[in-house]
Amino acid sequence: MLRIQGRRCLELDMPALIHRARANTCTLLDLGAGDGRFVAHIARAYPDGLAIGIDACRENLIEQSRRAPENAVFLVANAHALPAELTEIATRLAITFPWGSLLTGLLDDPAFCARLVSLVRPGATLEVAVNGGALAEAGWTLEAGAARIRSNLCAVGFALRTPLAWGAAELRACPTTWGRRLAFGRDPRAVFLPGNWKGEKEML
Ligand SMILES: C[S@@+](CC[C@H](N)C(=O)[O-])C[C@H]1O[C@@H](n2cnc3c(N)ncnc32)[C@H](O)[C@@H]1O
């Protein structure tokens with residue numbers, strides 16, 4: 001896992017990062033953060049909080065990580081291979097418009113969904129948004145794919161509320177780069193799955 005700021009690679013002090021994340025009353029973890037715009041937005045909106053963005057693609061994160069405030073942390077990592085120490089850090093877990101292996105993890109991989117549980121603290125909120133185009137590429141309709149992901153997240157213990165159908169207006173209002181892109185694209189449809197973590201975790 002690499003910590004980056006622009007094109008620079010910073011030393012990643014994992015124990016310090018985890019300590020800071022757990023000590024903070026608001027710690028966002030954005031998986032598949034893309035260009036990191038949402039992470040930078042939350043870091044500016046909550047200067048006393050911590051916002052961590054993880055994406056597999058380093059290039060994506062370069063621009064925002066150069067300009068974001070100090071309480072925004074950008075990490076390059078595969079969400080399927082996060083370090084074991086990264087547990088119980090997030091009060092808010094966001095996965096917004098996933099594609100590729102991040103999306104298939106939510107659709108088809110119970111172990112990946114269970115790993116998401118280990119990332120959050122008690123009472124954490126969960127925000128997953130999936131879009132029609134990415135699900136179509138993965139062989140699912142928007143409705144069936146969103147229902148499958150919802151069911152997988154419920155199965156590992158997240159409490160999911162009623163899904164919300166998003167059209168162009170909601171996508172435009174979503175403060176991520178892909179939200180805007182999808183709003184003006186060919187298939188401006190998404191489903192937002194809001195939830196939180198209430199359950200007790202099994203001690204393994
Ligand atoms: C459609 S983009 C959405 C980006 C951002 N969330 C947004 O809304 O603008 C999907 C992102 O998921 C990332 N991604 C896909 N699979 C991943 C994985 N296994 N681990 C980490 N990131 C992944 C991609 O690199 C890409 O940046």
# chains A, B, ... in the order shown; residues from 1 in each chain; ligands from 1
>>> residues_near_ligand(ligand="ligand 1", cutoff="7 Å", atoms="only C-alpha atoms and all ligand atoms", output="list in words")
Leu31, Gly32, Ala33, Gly34, Asp35, Gly36, Arg37, Ile54, Asp55, Ala56, Cys57, Asn60, Ala77, Asn78, Ala79, His80, Ile95, Thr96, Phe97, Pro98, Trp99, Gly100, Ser101, Leu102, Leu103, Thr176, Thr177, Trp178 and Gly179 of chain A
>>> write_last_selection(atoms="C-alpha atoms", output="short mmCIF file (atom, residue, chain, number, x, y, z; two decimals), in the first residue's frame")
data_model
loop_
_atom_site.label_atom_id
_atom_site.label_comp_id
_atom_site.auth_asym_id
_atom_site.auth_seq_id
_atom_site.Cartn_x
_atom_site.Cartn_y
_atom_site.Cartn_z
CA LEU A 31 -12.93 2.60 -1.46
CA GLY A 32 -12.42 3.00 -5.20
CA ALA A 33 -11.98 6.71 -4.61
CA GLY A 34 -11.23 7.41 -8.28
CA ASP A 35 -9.64 10.85 -8.56
CA GLY A 36 -10.23 11.46 -4.83
CA ARG A 37 -12.57 14.39 -5.32
CA ILE A 54 -8.09 4.18 -1.55
CA ASP A 55 -7.86 3.39 -5.22
CA ALA A 56 -6.01 0.75 -7.21
CA CYS A 57 -4.96 3.30 -9.81
CA ASN A 60 -6.24 8.69 -10.77
CA ALA A 77 -4.07 -0.31 -2.92
CA ASN A 78 -6.26 -3.10 -4.18
CA ALA A 79 -9.42 -3.15 -2.05
CA HIS A 80 -9.24 -6.96 -2.16
CA ILE A 95 -18.10 2.90 -2.30
CA THR A 96 -19.33 5.09 -5.09
CA PHE A 97 -19.89 3.82 -8.62
CA PRO A 98 -17.56 0.82 -8.37
CA TRP A 99 -16.48 -1.04 -11.46
CA GLY A 100 -14.16 -3.94 -12.22
CA SER A 101 -13.04 -6.13 -9.33
CA LEU A 102 -14.49 -3.72 -6.76
CA LEU A 103 -17.94 -4.21 -8.26
CA THR A 176 -17.87 12.72 -7.04
CA THR A 177 -16.38 13.00 -10.50
CA TRP A 178 -18.20 9.92 -11.76
CA GLY A 179 -21.52 11.21 -10.43
#
>>> residues_around(residues="A:Arg8", least_positions_apart="3", cutoff="10 Å", atoms="only C-alpha atoms", output="mmCIF file with N, CA, C and O atoms, in the first residue's frame")
data_model
loop_
_atom_site.group_PDB
_atom_site.id
_atom_site.type_symbol
_atom_site.label_atom_id
_atom_site.label_comp_id
_atom_site.auth_asym_id
_atom_site.auth_seq_id
_atom_site.Cartn_x
_atom_site.Cartn_y
_atom_site.Cartn_z
ATOM 1 N N ARG A 3 1.274 5.513 0.111
ATOM 2 C CA ARG A 3 0.618 6.790 0.387
ATOM 3 C C ARG A 3 1.189 7.821 -0.579
ATOM 4 O O ARG A 3 2.412 7.963 -0.671
ATOM 5 N N ILE A 4 0.322 8.516 -1.285
ATOM 6 C CA ILE A 4 0.844 9.466 -2.271
ATOM 7 C C ILE A 4 0.322 10.876 -2.034
ATOM 8 O O ILE A 4 -0.738 11.092 -1.433
ATOM 9 N N GLN A 5 1.113 11.824 -2.517
ATOM 10 C CA GLN A 5 0.701 13.225 -2.545
ATOM 11 C C GLN A 5 1.221 13.753 -3.867
ATOM 12 O O GLN A 5 2.435 13.899 -4.051
ATOM 13 N N GLU A 11 6.068 8.455 3.150
ATOM 14 C CA GLU A 11 6.234 7.303 4.032
ATOM 15 C C GLU A 11 4.885 7.000 4.692
ATOM 16 O O GLU A 11 4.190 7.924 5.147
ATOM 17 N N ILE A 62 -3.507 11.414 -8.440
ATOM 18 C CA ILE A 62 -2.395 12.374 -8.403
ATOM 19 C C ILE A 62 -2.863 13.815 -8.210
ATOM 20 O O ILE A 62 -2.408 14.527 -7.316
ATOM 21 N N SER A 65 -4.690 14.629 -4.765
ATOM 22 C CA SER A 65 -3.826 14.418 -3.595
ATOM 23 C C SER A 65 -2.784 15.529 -3.487
ATOM 24 O O SER A 65 -2.269 15.801 -2.411
ATOM 25 N N ARG A 66 -2.493 16.190 -4.590
ATOM 26 C CA ARG A 66 -1.524 17.291 -4.567
ATOM 27 C C ARG A 66 -2.114 18.507 -3.844
ATOM 28 O O ARG A 66 -1.419 19.205 -3.134
#
>>> select_by_dssp(residues="stretch 3-179 of chain A", states="strand (DSSP E)", output="MDAnalysis selection string")
chainID A and resid 3:5 8:10 27:31 50:55 72:76 90:96 120:131 158:160 164:166
>>> residues_around(residues="A:Tyr46", least_positions_apart="4", cutoff="10 Å", atoms="only C-alpha atoms", output="list in words")
Cys26, Thr27, Ala40, His41, Ile42, Leu50, Ala51 and Asn71 of chain A
>>> write_last_selection(atoms="N, CA, C and O atoms", output="mmCIF file, in the first residue's frame")
data_model
loop_
_atom_site.group_PDB
_atom_site.id
_atom_site.type_symbol
_atom_site.label_atom_id
_atom_site.label_comp_id
_atom_site.auth_asym_id
_atom_site.auth_seq_id
_atom_site.Cartn_x
_atom_site.Cartn_y
_atom_site.Cartn_z
ATOM 1 N N CYS A 26 -14.842 11.435 13.252
ATOM 2 C CA CYS A 26 -15.331 11.230 11.874
ATOM 3 C C CYS A 26 -14.191 10.761 10.993
ATOM 4 O O CYS A 26 -13.281 11.543 10.700
ATOM 5 N N THR A 27 -14.231 9.520 10.588
ATOM 6 C CA THR A 27 -13.218 9.017 9.648
ATOM 7 C C THR A 27 -13.924 8.402 8.447
ATOM 8 O O THR A 27 -14.606 7.384 8.556
ATOM 9 N N ALA A 40 -11.374 14.718 -0.901
ATOM 10 C CA ALA A 40 -10.936 16.104 -0.707
ATOM 11 C C ALA A 40 -12.114 16.974 -0.251
ATOM 12 O O ALA A 40 -11.965 17.815 0.641
ATOM 13 N N HIS A 41 -13.274 16.732 -0.818
ATOM 14 C CA HIS A 41 -14.475 17.497 -0.458
ATOM 15 C C HIS A 41 -14.830 17.291 1.022
ATOM 16 O O HIS A 41 -15.079 18.251 1.750
ATOM 17 N N ILE A 42 -14.801 16.040 1.463
ATOM 18 C CA ILE A 42 -15.148 15.748 2.864
ATOM 19 C C ILE A 42 -14.069 16.282 3.806
ATOM 20 O O ILE A 42 -14.363 16.817 4.876
ATOM 21 N N LEU A 50 -11.038 12.998 9.463
ATOM 22 C CA LEU A 50 -10.005 12.399 8.612
ATOM 23 C C LEU A 50 -10.718 11.739 7.428
ATOM 24 O O LEU A 50 -11.759 11.081 7.619
ATOM 25 N N ALA A 51 -10.193 11.928 6.242
ATOM 26 C CA ALA A 51 -10.791 11.317 5.048
ATOM 27 C C ALA A 51 -9.712 10.525 4.327
ATOM 28 O O ALA A 51 -8.659 11.074 3.976
ATOM 29 N N ASN A 71 -5.762 16.703 6.245
ATOM 30 C CA ASN A 71 -6.595 15.633 6.808
ATOM 31 C C ASN A 71 -7.186 14.713 5.733
ATOM 32 O O ASN A 71 -8.087 13.924 6.010
#
>>> residues_around(residues="A:Ala183", least_positions_apart="4", cutoff="9 Å", atoms="only C-alpha atoms", output="list in words")
Gly167, Ala168, Ala169, Glu170, Leu171, Arg172, Trp178, Gly179, Asp187, Pro188 and Arg189 of chain A
>>> write_last_selection(atoms="C-alpha atoms", output="JSON list (two decimals), in the first residue's frame")
[["chain", "number", "residue", "atom", "x", "y", "z"],
["A", 167, "GLY", "CA", -31.53, 9.77, -12.03],
["A", 168, "ALA", "CA", -29.63, 12.60, -13.67],
["A", 169, "ALA", "CA", -30.57, 15.18, -11.02],
["A", 170, "GLU", "CA", -29.30, 13.07, -8.10],
["A", 171, "LEU", "CA", -26.16, 12.12, -10.02],
["A", 172, "ARG", "CA", -25.44, 15.78, -10.72],
["A", 178, "TRP", "CA", -18.20, 9.92, -11.76],
["A", 179, "GLY", "CA", -21.52, 11.21, -10.43],
["A", 187, "ASP", "CA", -27.27, 5.88, -18.92],
["A", 188, "PRO", "CA", -27.87, 8.32, -16.07],
["A", 189, "ARG", "CA", -29.29, 5.76, -13.65]]
>>> atom_distance(atom1="atom CA of A:Val73", atom2="atom CA of A:Asp108")
28.9 Å
>>> residues_around(residues="stretch 115-121 of chain A", least_positions_apart="3", cutoff="7 Å", atoms="only C-alpha atoms", output="mmCIF file with all heavy atoms, in the first residue's frame")
data_model
loop_
_atom_site.group_PDB
_atom_site.id
_atom_site.type_symbol
_atom_site.label_atom_id
_atom_site.label_comp_id
_atom_site.auth_asym_id
_atom_site.auth_seq_id
_atom_site.Cartn_x
_atom_site.Cartn_y
_atom_site.Cartn_z
ATOM 1 N N LEU A 86 -5.620 -2.888 8.974
ATOM 2 C CA LEU A 86 -6.624 -1.870 8.655
ATOM 3 C C LEU A 86 -8.009 -2.360 9.107
ATOM 4 O O LEU A 86 -8.800 -2.856 8.319
ATOM 5 C CB LEU A 86 -6.610 -1.633 7.138
ATOM 6 C CG LEU A 86 -6.923 -0.233 6.631
ATOM 7 C CD1 LEU A 86 -5.908 0.768 7.138
ATOM 8 C CD2 LEU A 86 -6.925 -0.214 5.121
ATOM 9 N N THR A 87 -8.256 -2.241 10.397
ATOM 10 C CA THR A 87 -9.554 -2.696 10.921
ATOM 11 C C THR A 87 -10.134 -1.629 11.844
ATOM 12 O O THR A 87 -9.395 -0.861 12.472
ATOM 13 C CB THR A 87 -9.419 -4.001 11.749
ATOM 14 O OG1 THR A 87 -8.487 -3.780 12.788
ATOM 15 C CG2 THR A 87 -8.984 -5.159 10.897
ATOM 16 N N GLU A 88 -11.457 -1.604 11.894
ATOM 17 C CA GLU A 88 -12.204 -0.726 12.811
ATOM 18 C C GLU A 88 -11.731 0.716 12.728
ATOM 19 O O GLU A 88 -11.481 1.356 13.743
ATOM 20 C CB GLU A 88 -12.079 -1.230 14.246
ATOM 21 C CG GLU A 88 -12.558 -2.656 14.406
ATOM 22 C CD GLU A 88 -13.511 -2.833 15.569
ATOM 23 O OE1 GLU A 88 -13.571 -1.952 16.439
ATOM 24 O OE2 GLU A 88 -14.215 -3.864 15.588
ATOM 25 N N ILE A 89 -11.637 1.235 11.499
ATOM 26 C CA ILE A 89 -11.155 2.613 11.364
ATOM 27 C C ILE A 89 -12.262 3.587 10.940
ATOM 28 O O ILE A 89 -12.216 4.742 11.311
ATOM 29 C CB ILE A 89 -9.978 2.722 10.372
ATOM 30 C CG1 ILE A 89 -10.350 2.162 9.005
ATOM 31 C CG2 ILE A 89 -8.734 2.049 10.927
ATOM 32 C CD1 ILE A 89 -9.354 2.577 7.936
ATOM 33 N N ALA A 90 -13.246 3.121 10.165
ATOM 34 C CA ALA A 90 -14.145 4.068 9.493
ATOM 35 C C ALA A 90 -15.439 4.305 10.268
ATOM 36 O O ALA A 90 -16.060 3.367 10.759
ATOM 37 C CB ALA A 90 -14.477 3.551 8.099
ATOM 38 N N THR A 91 -15.828 5.588 10.354
ATOM 39 C CA THR A 91 -17.175 5.892 10.845
ATOM 40 C C THR A 91 -18.113 6.068 9.653
ATOM 41 O O THR A 91 -19.321 6.168 9.821
ATOM 42 C CB THR A 91 -17.192 7.191 11.665
ATOM 43 O OG1 THR A 91 -16.729 8.273 10.840
ATOM 44 C CG2 THR A 91 -16.307 7.079 12.903
ATOM 45 N N ALA A 111 -16.529 -13.096 0.980
ATOM 46 C CA ALA A 111 -15.364 -12.791 1.825
ATOM 47 C C ALA A 111 -15.012 -11.305 1.713
ATOM 48 O O ALA A 111 -14.626 -10.671 2.702
ATOM 49 C CB ALA A 111 -14.176 -13.655 1.422
ATOM 50 N N PHE A 112 -15.149 -10.761 0.530
ATOM 51 C CA PHE A 112 -14.876 -9.326 0.351
ATOM 52 C C PHE A 112 -15.900 -8.497 1.135
ATOM 53 O O PHE A 112 -15.538 -7.531 1.820
ATOM 54 C CB PHE A 112 -14.907 -8.965 -1.138
ATOM 55 C CG PHE A 112 -14.738 -7.492 -1.381
ATOM 56 C CD1 PHE A 112 -13.502 -6.887 -1.177
ATOM 57 C CD2 PHE A 112 -15.801 -6.710 -1.783
ATOM 58 C CE1 PHE A 112 -13.340 -5.516 -1.370
ATOM 59 C CE2 PHE A 112 -15.649 -5.345 -1.972
ATOM 60 C CZ PHE A 112 -14.417 -4.741 -1.773
ATOM 61 N N ALA A 124 -21.071 2.899 12.346
ATOM 62 C CA ALA A 124 -20.618 3.515 11.090
ATOM 63 C C ALA A 124 -21.725 3.538 10.047
ATOM 64 O O ALA A 124 -22.570 2.646 9.999
ATOM 65 C CB ALA A 124 -19.428 2.723 10.549
#
>>> closest_residue(among="A:Gly123, A:Gly6, A:Gly132, A:Pro194", to="A:Glu63", atoms="only C-alpha atoms")
A:Gly6
>>> atom_distance(atom1="atom CA of A:Pro110", atom2="atom CA of A:Arg148")
11.3 Å
>>> residues_around(residues="A:Ala94", least_positions_apart="3", cutoff="6 Å", atoms="only C-alpha atoms", output="list in words")
Asp30, Glu127 and Val128 of chain A
>>> atom_distance(atom1="atom CA of A:Pro15", atom2="atom CA of A:Asp48")
19.6 Å
>>> select_by_dssp(residues="stretch 23-200 of chain A", states="helix (DSSP H, G or I)", output="PyMOL selection string")
chain A and resi 23+37-45+58-67+79-81+100-108+110-119+132-137+142-155+168-173+177-183
>>> closest_residue(among="A:Ala146, A:Val156, A:Ala72, A:Ala136", to="A:Leu107", atoms="only C-alpha atoms")
A:Ala146
>>> closest_residue(among="A:Ala23, A:Ala84, A:Leu153, A:Leu93", to="A:Ala114", atoms="only C-alpha atoms")
A:Leu153
